[in-house]
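A.B. asks: Just final28.txt, nothing more (compact mmCIF, N, CA and C atoms):
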# COMPACT_ATOMS: atom_id res chain seq x y z
N MET A 1 103.27 110.96 81.41
CA MET A 1 103.00 109.99 80.37
C MET A 1 104.13 108.97 80.27
N LYS A 2 105.38 109.44 80.40
CA LYS A 2 106.52 108.53 80.31
C LYS A 2 106.52 107.54 81.47
N LYS A 3 106.15 108.02 82.66
CA LYS A 3 106.10 107.13 83.82
C LYS A 3 105.05 106.05 83.62
N TYR A 4 103.89 106.42 83.09
CA TYR A 4 102.82 105.46 82.84
C TYR A 4 103.27 104.42 81.83
N LEU A 5 103.89 104.83 80.74
CA LEU A 5 104.37 103.92 79.70
C LEU A 5 105.42 102.98 80.27
N LEU A 6 106.34 103.49 81.07
CA LEU A 6 107.37 102.65 81.69
C LEU A 6 106.73 101.61 82.60
N PHE A 7 105.72 102.01 83.37
CA PHE A 7 105.01 101.09 84.26
C PHE A 7 104.38 99.95 83.46
N VAL A 8 103.72 100.26 82.35
CA VAL A 8 103.08 99.25 81.51
C VAL A 8 104.13 98.32 80.92
N VAL A 9 105.25 98.86 80.46
CA VAL A 9 106.31 98.04 79.88
C VAL A 9 106.88 97.09 80.93
N ILE A 10 107.09 97.57 82.14
CA ILE A 10 107.62 96.71 83.21
C ILE A 10 106.63 95.59 83.52
N LEU A 11 105.36 95.91 83.64
CA LEU A 11 104.36 94.87 83.91
C LEU A 11 104.31 93.85 82.79
N PHE A 12 104.34 94.30 81.56
CA PHE A 12 104.29 93.39 80.42
C PHE A 12 105.53 92.51 80.39
N ALA A 13 106.69 93.08 80.68
CA ALA A 13 107.94 92.32 80.66
C ALA A 13 107.93 91.22 81.71
N ASN A 14 107.26 91.44 82.80
CA ASN A 14 107.16 90.42 83.84
C ASN A 14 106.08 89.39 83.55
N GLY A 15 105.34 89.54 82.46
CA GLY A 15 104.31 88.59 82.11
C GLY A 15 103.09 88.66 82.98
N LYS A 16 102.87 89.80 83.64
CA LYS A 16 101.77 89.89 84.58
C LYS A 16 100.79 91.01 84.23
N LEU A 17 100.76 91.44 83.01
CA LEU A 17 99.87 92.53 82.64
C LEU A 17 98.41 92.15 82.87
N PHE A 18 98.03 90.95 82.48
CA PHE A 18 96.66 90.51 82.64
C PHE A 18 96.54 89.38 83.65
N ALA A 19 97.62 89.06 84.33
CA ALA A 19 97.60 87.95 85.27
C ALA A 19 96.89 88.36 86.56
N GLN A 20 96.20 87.41 87.14
CA GLN A 20 95.50 87.67 88.38
C GLN A 20 95.35 86.36 89.14
N GLN A 21 94.97 86.46 90.39
CA GLN A 21 94.67 85.29 91.18
C GLN A 21 93.35 84.70 90.70
N PHE A 22 93.11 83.45 91.04
CA PHE A 22 91.89 82.76 90.62
C PHE A 22 90.66 83.39 91.24
N ASN A 23 89.64 83.57 90.44
CA ASN A 23 88.34 84.06 90.86
C ASN A 23 87.31 83.23 90.11
N ALA A 24 86.55 82.40 90.81
CA ALA A 24 85.63 81.46 90.17
C ALA A 24 84.62 82.15 89.26
N GLU A 25 84.08 83.26 89.69
CA GLU A 25 83.08 83.97 88.89
C GLU A 25 83.69 84.47 87.58
N GLU A 26 84.86 85.10 87.67
CA GLU A 26 85.52 85.58 86.45
C GLU A 26 85.94 84.42 85.56
N PHE A 27 86.39 83.33 86.15
CA PHE A 27 86.78 82.16 85.38
C PHE A 27 85.58 81.67 84.56
N ASN A 28 84.44 81.51 85.20
CA ASN A 28 83.24 81.02 84.51
C ASN A 28 82.78 81.95 83.40
N LYS A 29 82.96 83.25 83.59
CA LYS A 29 82.58 84.22 82.54
C LYS A 29 83.48 84.09 81.32
N ASN A 30 84.67 83.53 81.49
CA ASN A 30 85.64 83.46 80.41
C ASN A 30 85.86 82.05 79.87
N LEU A 31 84.94 81.14 80.13
CA LEU A 31 85.08 79.78 79.60
C LEU A 31 85.22 79.81 78.09
N GLY A 32 86.17 79.02 77.60
CA GLY A 32 86.42 78.94 76.16
C GLY A 32 87.34 80.03 75.64
N LYS A 33 87.67 80.99 76.49
CA LYS A 33 88.54 82.09 76.09
C LYS A 33 89.94 81.86 76.65
N LYS A 34 90.91 82.54 76.07
CA LYS A 34 92.28 82.46 76.56
C LYS A 34 92.49 83.52 77.62
N GLY A 35 93.16 83.14 78.69
CA GLY A 35 93.45 84.06 79.76
C GLY A 35 94.66 83.62 80.55
N THR A 36 95.08 84.45 81.49
CA THR A 36 96.25 84.17 82.32
C THR A 36 95.86 84.23 83.79
N LEU A 37 96.30 83.22 84.54
CA LEU A 37 96.12 83.20 85.98
C LEU A 37 97.44 82.85 86.65
N CYS A 38 97.64 83.39 87.83
CA CYS A 38 98.84 83.10 88.61
C CYS A 38 98.42 82.58 89.98
N ASP A 39 99.12 81.57 90.44
CA ASP A 39 98.86 81.03 91.78
C ASP A 39 100.03 80.14 92.16
N VAL A 40 99.99 79.62 93.37
CA VAL A 40 101.05 78.75 93.87
C VAL A 40 100.72 77.30 93.54
N VAL A 41 101.72 76.58 93.03
CA VAL A 41 101.57 75.15 92.75
C VAL A 41 101.62 74.42 94.09
N LYS A 42 100.54 73.74 94.43
CA LYS A 42 100.47 73.02 95.70
C LYS A 42 100.78 71.54 95.54
N SER A 43 100.47 70.98 94.38
CA SER A 43 100.81 69.59 94.09
C SER A 43 100.78 69.39 92.58
N LEU A 44 101.37 68.29 92.14
CA LEU A 44 101.36 68.00 90.72
C LEU A 44 101.24 66.51 90.50
N ARG A 45 100.82 66.17 89.30
CA ARG A 45 100.71 64.76 88.91
C ARG A 45 101.20 64.64 87.48
N ILE A 46 102.22 63.84 87.28
CA ILE A 46 102.71 63.55 85.93
C ILE A 46 101.98 62.29 85.48
N VAL A 47 101.02 62.45 84.57
CA VAL A 47 100.20 61.34 84.11
C VAL A 47 101.01 60.47 83.17
N ASN A 48 101.68 61.11 82.21
CA ASN A 48 102.58 60.42 81.29
C ASN A 48 103.54 61.45 80.71
N ASP A 49 104.33 61.08 79.71
CA ASP A 49 105.34 62.01 79.20
C ASP A 49 104.76 63.16 78.38
N THR A 50 103.46 63.17 78.14
CA THR A 50 102.84 64.28 77.41
C THR A 50 101.69 64.93 78.16
N LEU A 51 101.49 64.57 79.43
CA LEU A 51 100.40 65.17 80.21
C LEU A 51 100.82 65.33 81.67
N THR A 52 100.83 66.59 82.13
CA THR A 52 101.15 66.91 83.51
C THR A 52 100.06 67.83 84.06
N LEU A 53 99.65 67.60 85.30
CA LEU A 53 98.61 68.39 85.95
C LEU A 53 99.21 69.13 87.14
N LEU A 54 99.07 70.45 87.16
CA LEU A 54 99.52 71.27 88.28
C LEU A 54 98.29 71.72 89.06
N ASN A 55 98.21 71.36 90.32
CA ASN A 55 97.08 71.75 91.17
C ASN A 55 97.43 73.07 91.84
N MET A 56 96.63 74.08 91.57
CA MET A 56 96.93 75.44 91.97
C MET A 56 96.09 75.88 93.17
N GLY A 57 96.74 76.55 94.12
CA GLY A 57 96.04 77.15 95.25
C GLY A 57 95.80 76.22 96.42
N ASP A 58 95.69 74.92 96.17
CA ASP A 58 95.50 73.92 97.22
C ASP A 58 95.80 72.56 96.61
N ILE A 59 95.96 71.55 97.46
CA ILE A 59 96.27 70.22 96.95
C ILE A 59 95.02 69.55 96.41
N TYR A 60 95.21 68.57 95.53
CA TYR A 60 94.11 67.79 94.99
C TYR A 60 93.44 67.04 96.14
N PRO A 61 92.16 66.99 96.24
CA PRO A 61 91.11 67.42 95.32
C PRO A 61 90.51 68.79 95.64
N ARG A 62 91.19 69.59 96.47
CA ARG A 62 90.65 70.90 96.86
C ARG A 62 91.27 72.05 96.07
N GLN A 63 91.95 71.76 94.98
CA GLN A 63 92.63 72.80 94.20
C GLN A 63 91.63 73.83 93.69
N HIS A 64 92.11 75.07 93.53
CA HIS A 64 91.27 76.12 92.97
C HIS A 64 91.02 75.85 91.49
N TYR A 65 92.07 75.47 90.79
CA TYR A 65 92.00 75.09 89.39
C TYR A 65 93.24 74.28 89.06
N THR A 66 93.24 73.66 87.90
CA THR A 66 94.37 72.84 87.46
C THR A 66 94.94 73.41 86.18
N ILE A 67 96.26 73.46 86.10
CA ILE A 67 96.90 73.77 84.83
C ILE A 67 97.18 72.44 84.16
N VAL A 68 96.59 72.22 83.00
CA VAL A 68 96.76 70.99 82.25
C VAL A 68 97.80 71.26 81.17
N ILE A 69 98.95 70.60 81.29
CA ILE A 69 100.05 70.82 80.35
C ILE A 69 100.14 69.61 79.43
N ARG A 70 99.89 69.88 78.15
CA ARG A 70 99.92 68.82 77.15
C ARG A 70 101.10 69.03 76.22
N GLY A 71 101.71 67.94 75.81
CA GLY A 71 102.80 68.01 74.86
C GLY A 71 104.12 67.67 75.52
N ASN A 72 105.09 67.35 74.71
CA ASN A 72 106.40 66.95 75.23
C ASN A 72 107.45 68.04 75.04
N LYS A 73 107.04 69.25 74.68
CA LYS A 73 107.98 70.35 74.47
C LYS A 73 108.22 71.17 75.73
N ILE A 74 107.49 70.88 76.79
CA ILE A 74 107.59 71.68 78.00
C ILE A 74 108.62 71.05 78.92
N ASN A 75 109.69 71.79 79.17
CA ASN A 75 110.78 71.30 80.00
C ASN A 75 110.87 72.14 81.27
N LEU A 76 110.11 71.78 82.27
CA LEU A 76 110.16 72.44 83.57
C LEU A 76 110.77 71.46 84.56
N ASP A 77 111.43 71.99 85.57
CA ASP A 77 111.99 71.15 86.62
C ASP A 77 110.87 70.78 87.58
N TRP A 78 110.20 69.68 87.30
CA TRP A 78 109.02 69.27 88.06
C TRP A 78 109.36 69.02 89.53
N THR A 79 110.60 68.64 89.83
CA THR A 79 110.97 68.33 91.21
C THR A 79 111.02 69.58 92.08
N LYS A 80 111.15 70.76 91.48
CA LYS A 80 111.29 72.00 92.26
C LYS A 80 110.16 72.99 92.03
N ILE A 81 109.09 72.59 91.37
CA ILE A 81 108.03 73.55 91.02
C ILE A 81 106.98 73.69 92.13
N THR A 82 106.81 72.67 92.96
CA THR A 82 105.84 72.75 94.06
C THR A 82 106.24 73.87 95.02
N GLY A 83 105.27 74.71 95.35
CA GLY A 83 105.51 75.85 96.23
C GLY A 83 105.88 77.12 95.50
N LYS A 84 106.11 77.04 94.21
CA LYS A 84 106.45 78.23 93.40
C LYS A 84 105.19 78.84 92.82
N THR A 85 105.24 80.14 92.57
CA THR A 85 104.14 80.81 91.89
C THR A 85 104.33 80.63 90.39
N VAL A 86 103.28 80.19 89.73
CA VAL A 86 103.29 79.96 88.29
C VAL A 86 102.18 80.78 87.66
N CYS A 87 102.52 81.44 86.56
CA CYS A 87 101.51 82.12 85.74
C CYS A 87 101.38 81.31 84.46
N ALA A 88 100.16 80.98 84.10
CA ALA A 88 99.92 80.20 82.90
C ALA A 88 98.86 80.89 82.04
N THR A 89 99.10 80.89 80.75
CA THR A 89 98.15 81.43 79.79
C THR A 89 97.63 80.28 78.96
N GLY A 90 96.31 80.15 78.92
CA GLY A 90 95.70 79.07 78.15
C GLY A 90 94.20 79.26 78.09
N VAL A 91 93.54 78.24 77.58
CA VAL A 91 92.09 78.28 77.42
C VAL A 91 91.42 77.84 78.72
N PHE A 92 90.47 78.65 79.19
CA PHE A 92 89.72 78.33 80.40
C PHE A 92 88.68 77.27 80.05
N GLU A 93 88.71 76.16 80.79
CA GLU A 93 87.83 75.03 80.53
C GLU A 93 87.27 74.49 81.85
N ILE A 94 86.23 73.67 81.74
CA ILE A 94 85.71 72.91 82.87
C ILE A 94 85.80 71.44 82.48
N TYR A 95 86.40 70.64 83.36
CA TYR A 95 86.50 69.20 83.12
C TYR A 95 86.05 68.50 84.39
N LYS A 96 85.01 67.69 84.27
CA LYS A 96 84.43 67.00 85.43
C LYS A 96 84.13 67.98 86.57
N ASN A 97 83.48 69.08 86.21
CA ASN A 97 83.06 70.13 87.14
C ASN A 97 84.21 70.85 87.83
N GLN A 98 85.42 70.74 87.31
CA GLN A 98 86.58 71.41 87.88
C GLN A 98 87.18 72.38 86.86
N PRO A 99 87.51 73.60 87.28
CA PRO A 99 88.12 74.55 86.36
C PRO A 99 89.56 74.16 86.04
N GLN A 100 89.92 74.37 84.78
CA GLN A 100 91.30 74.10 84.36
C GLN A 100 91.70 75.06 83.25
N ILE A 101 93.01 75.21 83.11
CA ILE A 101 93.58 75.97 82.00
C ILE A 101 94.43 75.01 81.20
N ALA A 102 94.12 74.87 79.91
CA ALA A 102 94.87 73.98 79.03
C ALA A 102 96.00 74.74 78.36
N VAL A 103 97.23 74.23 78.54
CA VAL A 103 98.43 74.89 78.01
C VAL A 103 99.23 73.88 77.19
N ALA A 104 99.68 74.28 76.00
CA ALA A 104 100.51 73.40 75.17
C ALA A 104 101.80 74.07 74.73
N ASP A 105 101.91 75.38 74.91
CA ASP A 105 103.09 76.13 74.47
C ASP A 105 103.94 76.49 75.68
N PRO A 106 105.21 76.06 75.71
CA PRO A 106 106.05 76.34 76.87
C PRO A 106 106.25 77.83 77.15
N LEU A 107 106.10 78.67 76.15
CA LEU A 107 106.25 80.12 76.35
C LEU A 107 105.10 80.71 77.15
N LEU A 108 104.03 79.95 77.34
CA LEU A 108 102.86 80.44 78.05
C LEU A 108 102.85 80.06 79.54
N ILE A 109 103.96 79.50 80.01
CA ILE A 109 104.11 79.15 81.43
C ILE A 109 105.30 79.91 81.97
N ASN A 110 105.07 80.66 83.05
CA ASN A 110 106.12 81.46 83.66
C ASN A 110 106.22 81.08 85.13
N VAL A 111 107.39 80.57 85.55
CA VAL A 111 107.62 80.17 86.94
C VAL A 111 108.38 81.28 87.65
N ASN A 112 107.81 81.76 88.76
CA ASN A 112 108.49 82.76 89.57
C ASN A 112 109.47 82.03 90.48
N GLU A 113 110.74 82.27 90.28
CA GLU A 113 111.79 81.54 91.00
C GLU A 113 112.01 82.04 92.41
N ARG A 114 111.31 83.04 92.88
CA ARG A 114 111.51 83.58 94.24
C ARG A 114 110.95 82.70 95.29
Please lay out the structure from this file as structure tokens.

C.D. replies:
Amino acid sequence: MKKYLLFVVILFANGKLFAQQFNAEEFNKNLGKKGTLCDVVKSLRIVNDTLTLLNMGDIYPRQHYTIVIRGNKINLDWTKITGKTVCATGVFEIYKNQPQIAVADPLLINVNER
């Protein structure tokens, strides 16, 4: 029992308890709900100082999904984020027939520095 509890605590501490790779079917089942996905940032677009788009899994326009970051409270090093694995927690949405996760809280974005 102690080993199981320790395993759960370690997973939760890493922010990956419910994180998974993108799966279109699961994404569509969870539209409008909050969830966490992890993938590699392949490209990004800074639209303005309050909107940044991270294209996950492949470059635009072939990305698996987009992390839509709104707000000016998010301070990530955009110059070094491409190629890193990012886990984001937000609301699953569809915009112009493309899946996206909307994120506004900086605590809901975790960059794997490895």

A.B. asks: Tell me, as a PDB file with N, CA and C atoms, keeping the file's coordinate frame, which residues lie within 6 Å of stretch 75-85 of chain A, counting only N, CA and C atoms; anything in the same chain fewer than 6 positions away does not count.

C.D. replies:
ATOM      1  N   ASP A  39      99.120  81.570  90.440  1.00  0.00           N
ATOM      2  CA  ASP A  39      98.860  81.030  91.780  1.00  0.00           C
ATOM      3  C   ASP A  39     100.030  80.140  92.160  1.00  0.00           C
ATOM      4  N   VAL A  40      99.990  79.620  93.370  1.00  0.00           N
ATOM      5  CA  VAL A  40     101.050  78.750  93.870  1.00  0.00           C
ATOM      6  C   VAL A  40     100.720  77.300  93.540  1.00  0.00           C
ATOM      7  N   VAL A  41     101.720  76.580  93.030  1.00  0.00           N
ATOM      8  CA  VAL A  41     101.570  75.150  92.750  1.00  0.00           C
ATOM      9  C   VAL A  41     101.620  74.420  94.090  1.00  0.00           C
ATOM     10  N   LYS A  42     100.540  73.740  94.430  1.00  0.00           N
ATOM     11  CA  LYS A  42     100.470  73.020  95.700  1.00  0.00           C
ATOM     12  C   LYS A  42     100.780  71.540  95.540  1.00  0.00           C
ATOM     13  N   SER A  43     100.470  70.980  94.380  1.00  0.00           N
ATOM     14  CA  SER A  43     100.810  69.590  94.090  1.00  0.00           C
ATOM     15  C   SER A  43     100.780  69.390  92.580  1.00  0.00           C
ATOM     16  N   ASN A 110     105.070  80.660  83.050  1.00  0.00           N
ATOM     17  CA  ASN A 110     106.120  81.460  83.660  1.00  0.00           C
ATOM     18  C   ASN A 110     106.220  81.080  85.130  1.00  0.00           C
ATOM     19  N   VAL A 111     107.390  80.570  85.550  1.00  0.00           N
ATOM     20  CA  VAL A 111     107.620  80.170  86.940  1.00  0.00           C
ATOM     21  C   VAL A 111     108.380  81.280  87.650  1.00  0.00           C
ATOM     22  N   ASN A 112     107.810  81.760  88.760  1.00  0.00           N
ATOM     23  CA  ASN A 112     108.490  82.760  89.570  1.00  0.00           C
ATOM     24  C   ASN A 112     109.470  82.030  90.480  1.00  0.00           C
TER      25      ASN A 112
END

A.B. asks: Can you tell me, as a PDB file with N, CA and C atoms, in the coordinates of the input, which residues in chain A count as strand (DSSP E) by DSSP?

C.D. replies:
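So part.pdb came out as:
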ATOM      1  N   LYS A  34      90.910  82.540  76.070  1.00  0.00           N
ATOM      2  CA  LYS A  34      92.280  82.460  76.560  1.00  0.00           C
ATOM      3  C   LYS A  34      92.490  83.520  77.620  1.00  0.00           C
ATOM      4  N   GLY A  35      93.160  83.140  78.690  1.00  0.00           N
ATOM      5  CA  GLY A  35      93.450  84.060  79.760  1.00  0.00           C
ATOM      6  C   GLY A  35      94.660  83.620  80.550  1.00  0.00           C
ATOM      7  N   THR A  36      95.080  84.450  81.490  1.00  0.00           N
ATOM      8  CA  THR A  36      96.250  84.170  82.320  1.00  0.00           C
ATOM      9  C   THR A  36      95.860  84.230  83.790  1.00  0.00           C
ATOM     10  N   LEU A  37      96.300  83.220  84.540  1.00  0.00           N
ATOM     11  CA  LEU A  37      96.120  83.200  85.980  1.00  0.00           C
ATOM     12  C   LEU A  37      97.440  82.850  86.650  1.00  0.00           C
ATOM     13  N   CYS A  38      97.640  83.390  87.830  1.00  0.00           N
ATOM     14  CA  CYS A  38      98.840  83.100  88.610  1.00  0.00           C
ATOM     15  C   CYS A  38      98.420  82.580  89.980  1.00  0.00           C
ATOM     16  N   ASP A  39      99.120  81.570  90.440  1.00  0.00           N
ATOM     17  CA  ASP A  39      98.860  81.030  91.780  1.00  0.00           C
ATOM     18  C   ASP A  39     100.030  80.140  92.160  1.00  0.00           C
ATOM     19  N   VAL A  40      99.990  79.620  93.370  1.00  0.00           N
ATOM     20  CA  VAL A  40     101.050  78.750  93.870  1.00  0.00           C
ATOM     21  C   VAL A  40     100.720  77.300  93.540  1.00  0.00           C
ATOM     22  N   VAL A  41     101.720  76.580  93.030  1.00  0.00           N
ATOM     23  CA  VAL A  41     101.570  75.150  92.750  1.00  0.00           C
ATOM     24  C   VAL A  41     101.620  74.420  94.090  1.00  0.00           C
ATOM     25  N   LYS A  42     100.540  73.740  94.430  1.00  0.00           N
ATOM     26  CA  LYS A  42     100.470  73.020  95.700  1.00  0.00           C
ATOM     27  C   LYS A  42     100.780  71.540  95.540  1.00  0.00           C
ATOM     28  N   SER A  43     100.470  70.980  94.380  1.00  0.00           N
ATOM     29  CA  SER A  43     100.810  69.590  94.090  1.00  0.00           C
ATOM     30  C   SER A  43     100.780  69.390  92.580  1.00  0.00           C
ATOM     31  N   LEU A  44     101.370  68.290  92.140  1.00  0.00           N
ATOM     32  CA  LEU A  44     101.360  68.000  90.720  1.00  0.00           C
ATOM     33  C   LEU A  44     101.240  66.510  90.500  1.00  0.00           C
ATOM     34  N   ARG A  45     100.820  66.170  89.300  1.00  0.00           N
ATOM     35  CA  ARG A  45     100.710  64.760  88.910  1.00  0.00           C
ATOM     36  C   ARG A  45     101.200  64.640  87.480  1.00  0.00           C
ATOM     37  N   ILE A  46     102.220  63.840  87.280  1.00  0.00           N
ATOM     38  CA  ILE A  46     102.710  63.550  85.930  1.00  0.00           C
ATOM     39  C   ILE A  46     101.980  62.290  85.480  1.00  0.00           C
ATOM     40  N   VAL A  47     101.020  62.450  84.570  1.00  0.00           N
ATOM     41  CA  VAL A  47     100.200  61.340  84.110  1.00  0.00           C
ATOM     42  C   VAL A  47     101.010  60.470  83.170  1.00  0.00           C
ATOM     43  N   ASN A  48     101.680  61.110  82.210  1.00  0.00           N
ATOM     44  CA  ASN A  48     102.580  60.420  81.290  1.00  0.00           C
ATOM     45  C   ASN A  48     103.540  61.450  80.710  1.00  0.00           C
ATOM     46  N   LEU A  51     101.490  64.570  79.430  1.00  0.00           N
ATOM     47  CA  LEU A  51     100.400  65.170  80.210  1.00  0.00           C
ATOM     48  C   LEU A  51     100.820  65.330  81.670  1.00  0.00           C
ATOM     49  N   THR A  52     100.830  66.590  82.130  1.00  0.00           N
ATOM     50  CA  THR A  52     101.150  66.910  83.510  1.00  0.00           C
ATOM     51  C   THR A  52     100.060  67.830  84.060  1.00  0.00           C
ATOM     52  N   LEU A  53      99.650  67.600  85.300  1.00  0.00           N
ATOM     53  CA  LEU A  53      98.610  68.390  85.950  1.00  0.00           C
ATOM     54  C   LEU A  53      99.210  69.130  87.140  1.00  0.00           C
ATOM     55  N   LEU A  54      99.070  70.450  87.160  1.00  0.00           N
ATOM     56  CA  LEU A  54      99.520  71.270  88.280  1.00  0.00           C
ATOM     57  C   LEU A  54      98.290  71.720  89.060  1.00  0.00           C
ATOM     58  N   ASN A  55      98.210  71.360  90.320  1.00  0.00           N
ATOM     59  CA  ASN A  55      97.080  71.750  91.170  1.00  0.00           C
ATOM     60  C   ASN A  55      97.430  73.070  91.840  1.00  0.00           C
ATOM     61  N   MET A  56      96.630  74.080  91.570  1.00  0.00           N
ATOM     62  CA  MET A  56      96.930  75.440  91.970  1.00  0.00           C
ATOM     63  C   MET A  56      96.090  75.880  93.170  1.00  0.00           C
ATOM     64  N   TYR A  65      92.070  75.470  90.790  1.00  0.00           N
ATOM     65  CA  TYR A  65      92.000  75.090  89.390  1.00  0.00           C
ATOM     66  C   TYR A  65      93.240  74.280  89.060  1.00  0.00           C
ATOM     67  N   THR A  66      93.240  73.660  87.900  1.00  0.00           N
ATOM     68  CA  THR A  66      94.370  72.840  87.460  1.00  0.00           C
ATOM     69  C   THR A  66      94.940  73.410  86.180  1.00  0.00           C
ATOM     70  N   ILE A  67      96.260  73.460  86.100  1.00  0.00           N
ATOM     71  CA  ILE A  67      96.900  73.770  84.830  1.00  0.00           C
ATOM     72  C   ILE A  67      97.180  72.440  84.160  1.00  0.00           C
ATOM     73  N   VAL A  68      96.590  72.220  83.000  1.00  0.00           N
ATOM     74  CA  VAL A  68      96.760  70.990  82.250  1.00  0.00           C
ATOM     75  C   VAL A  68      97.800  71.260  81.170  1.00  0.00           C
ATOM     76  N   ILE A  69      98.950  70.600  81.290  1.00  0.00           N
ATOM     77  CA  ILE A  69     100.050  70.820  80.350  1.00  0.00           C
ATOM     78  C   ILE A  69     100.140  69.610  79.430  1.00  0.00           C
ATOM     79  N   ARG A  70      99.890  69.880  78.150  1.00  0.00           N
ATOM     80  CA  ARG A  70      99.920  68.820  77.150  1.00  0.00           C
ATOM     81  C   ARG A  70     101.100  69.030  76.220  1.00  0.00           C
ATOM     82  N   THR A  85     105.240  80.140  92.570  1.00  0.00           N
ATOM     83  CA  THR A  85     104.140  80.810  91.890  1.00  0.00           C
ATOM     84  C   THR A  85     104.330  80.630  90.390  1.00  0.00           C
ATOM     85  N   VAL A  86     103.280  80.190  89.730  1.00  0.00           N
ATOM     86  CA  VAL A  86     103.290  79.960  88.290  1.00  0.00           C
ATOM     87  C   VAL A  86     102.180  80.780  87.660  1.00  0.00           C
ATOM     88  N   CYS A  87     102.520  81.440  86.560  1.00  0.00           N
ATOM     89  CA  CYS A  87     101.510  82.120  85.740  1.00  0.00           C
ATOM     90  C   CYS A  87     101.380  81.310  84.460  1.00  0.00           C
ATOM     91  N   ALA A  88     100.160  80.980  84.100  1.00  0.00           N
ATOM     92  CA  ALA A  88      99.920  80.200  82.900  1.00  0.00           C
ATOM     93  C   ALA A  88      98.860  80.890  82.040  1.00  0.00           C
ATOM     94  N   THR A  89      99.100  80.890  80.750  1.00  0.00           N
ATOM     95  CA  THR A  89      98.150  81.430  79.790  1.00  0.00           C
ATOM     96  C   THR A  89      97.630  80.280  78.960  1.00  0.00           C
ATOM     97  N   GLY A  90      96.310  80.150  78.920  1.00  0.00           N
ATOM     98  CA  GLY A  90      95.700  79.070  78.150  1.00  0.00           C
ATOM     99  C   GLY A  90      94.200  79.260  78.090  1.00  0.00           C
ATOM    100  N   VAL A  91      93.540  78.240  77.580  1.00  0.00           N
ATOM    101  CA  VAL A  91      92.090  78.280  77.420  1.00  0.00           C
ATOM    102  C   VAL A  91      91.420  77.840  78.720  1.00  0.00           C
ATOM    103  N   PHE A  92      90.470  78.650  79.190  1.00  0.00           N
ATOM    104  CA  PHE A  92      89.720  78.330  80.400  1.00  0.00           C
ATOM    105  C   PHE A  92      88.680  77.270  80.050  1.00  0.00           C
ATOM    106  N   GLU A  93      88.710  76.160  80.790  1.00  0.00           N
ATOM    107  CA  GLU A  93      87.830  75.030  80.530  1.00  0.00           C
ATOM    108  C   GLU A  93      87.270  74.490  81.850  1.00  0.00           C
ATOM    109  N   ILE A  94      86.230  73.670  81.740  1.00  0.00           N
ATOM    110  CA  ILE A  94      85.710  72.910  82.870  1.00  0.00           C
ATOM    111  C   ILE A  94      85.800  71.440  82.480  1.00  0.00           C
ATOM    112  N   TYR A  95      86.400  70.640  83.360  1.00  0.00           N
ATOM    113  CA  TYR A  95      86.500  69.200  83.120  1.00  0.00           C
ATOM    114  C   TYR A  95      86.050  68.500  84.390  1.00  0.00           C
ATOM    115  N   GLN A  98      85.420  70.740  87.310  1.00  0.00           N
ATOM    116  CA  GLN A  98      86.580  71.410  87.880  1.00  0.00           C
ATOM    117  C   GLN A  98      87.180  72.380  86.860  1.00  0.00           C
ATOM    118  N   PRO A  99      87.510  73.600  87.280  1.00  0.00           N
ATOM    119  CA  PRO A  99      88.120  74.550  86.360  1.00  0.00           C
ATOM    120  C   PRO A  99      89.560  74.160  86.040  1.00  0.00           C
ATOM    121  N   GLN A 100      89.920  74.370  84.780  1.00  0.00           N
ATOM    122  CA  GLN A 100      91.300  74.100  84.360  1.00  0.00           C
ATOM    123  C   GLN A 100      91.700  75.060  83.250  1.00  0.00           C
ATOM    124  N   ILE A 101      93.010  75.210  83.110  1.00  0.00           N
ATOM    125  CA  ILE A 101      93.580  75.970  82.000  1.00  0.00           C
ATOM    126  C   ILE A 101      94.430  75.010  81.200  1.00  0.00           C
ATOM    127  N   ALA A 102      94.120  74.870  79.910  1.00  0.00           N
ATOM    128  CA  ALA A 102      94.870  73.980  79.030  1.00  0.00           C
ATOM    129  C   ALA A 102      96.000  74.740  78.360  1.00  0.00           C
ATOM    130  N   VAL A 103      97.230  74.230  78.540  1.00  0.00           N
ATOM    131  CA  VAL A 103      98.430  74.890  78.010  1.00  0.00           C
ATOM    132  C   VAL A 103      99.230  73.880  77.190  1.00  0.00           C
ATOM    133  N   ILE A 109     103.960  79.500  80.010  1.00  0.00           N
ATOM    134  CA  ILE A 109     104.110  79.150  81.430  1.00  0.00           C
ATOM    135  C   ILE A 109     105.300  79.910  81.970  1.00  0.00           C
ATOM    136  N   ASN A 110     105.070  80.660  83.050  1.00  0.00           N
ATOM    137  CA  ASN A 110     106.120  81.460  83.660  1.00  0.00           C
ATOM    138  C   ASN A 110     106.220  81.080  85.130  1.00  0.00           C
ATOM    139  N   VAL A 111     107.390  80.570  85.550  1.00  0.00           N
ATOM    140  CA  VAL A 111     107.620  80.170  86.940  1.00  0.00           C
ATOM    141  C   VAL A 111     108.380  81.280  87.650  1.00  0.00           C
ATOM    142  N   ASN A 112     107.810  81.760  88.760  1.00  0.00           N
ATOM    143  CA  ASN A 112     108.490  82.760  89.570  1.00  0.00           C
ATOM    144  C   ASN A 112     109.470  82.030  90.480  1.00  0.00           C
TER     145      ASN A 112
END

A.B. asks: Interatomic distance between atom N of A:Ile101 and atom CA of A:Glu113?

C.D. replies: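 We find that atom N of A:Ile101 and atom CA of A:Glu113 lie 21.3 Å from each other.
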
A.B. asks: Looking at only N, CA and C atoms, which of A:His64, A:Asp58, A:Thr36, A:Asn72 is the one that sits closest to A:Ala24?

C.D. replies: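 Of A:His64, A:Asp58, A:Thr36, A:Asn72, the one nearest A:Ala24 is A:His64, counting only N, CA and C atoms.
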
A.B. asks: Identify, with DSSP run on backbone atoms, the residues in stretch 6-75 of chain A assigned to helix (DSSP H, G or I), and express the list as a list in words.

C.D. replies: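 DSSP on the backbone gives helix (DSSP H, G or I) at Leu6, Phe7, Val8, Val9, Ile10, Leu11, Phe12, Ala13, Ala24, Glu25, Glu26, Phe27, Asn28 and Lys29 of chain A.
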
A.B. asks: Taking into account only N, CA and C atoms, which residue in the set A:Asn28, A:Thr66, A:Gly35, A:Gly71 is nearest to A:Thr89?

C.D. replies: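 Of A:Asn28, A:Thr66, A:Gly35, A:Gly71, the one nearest A:Thr89 is A:Gly35, counting only N, CA and C atoms.
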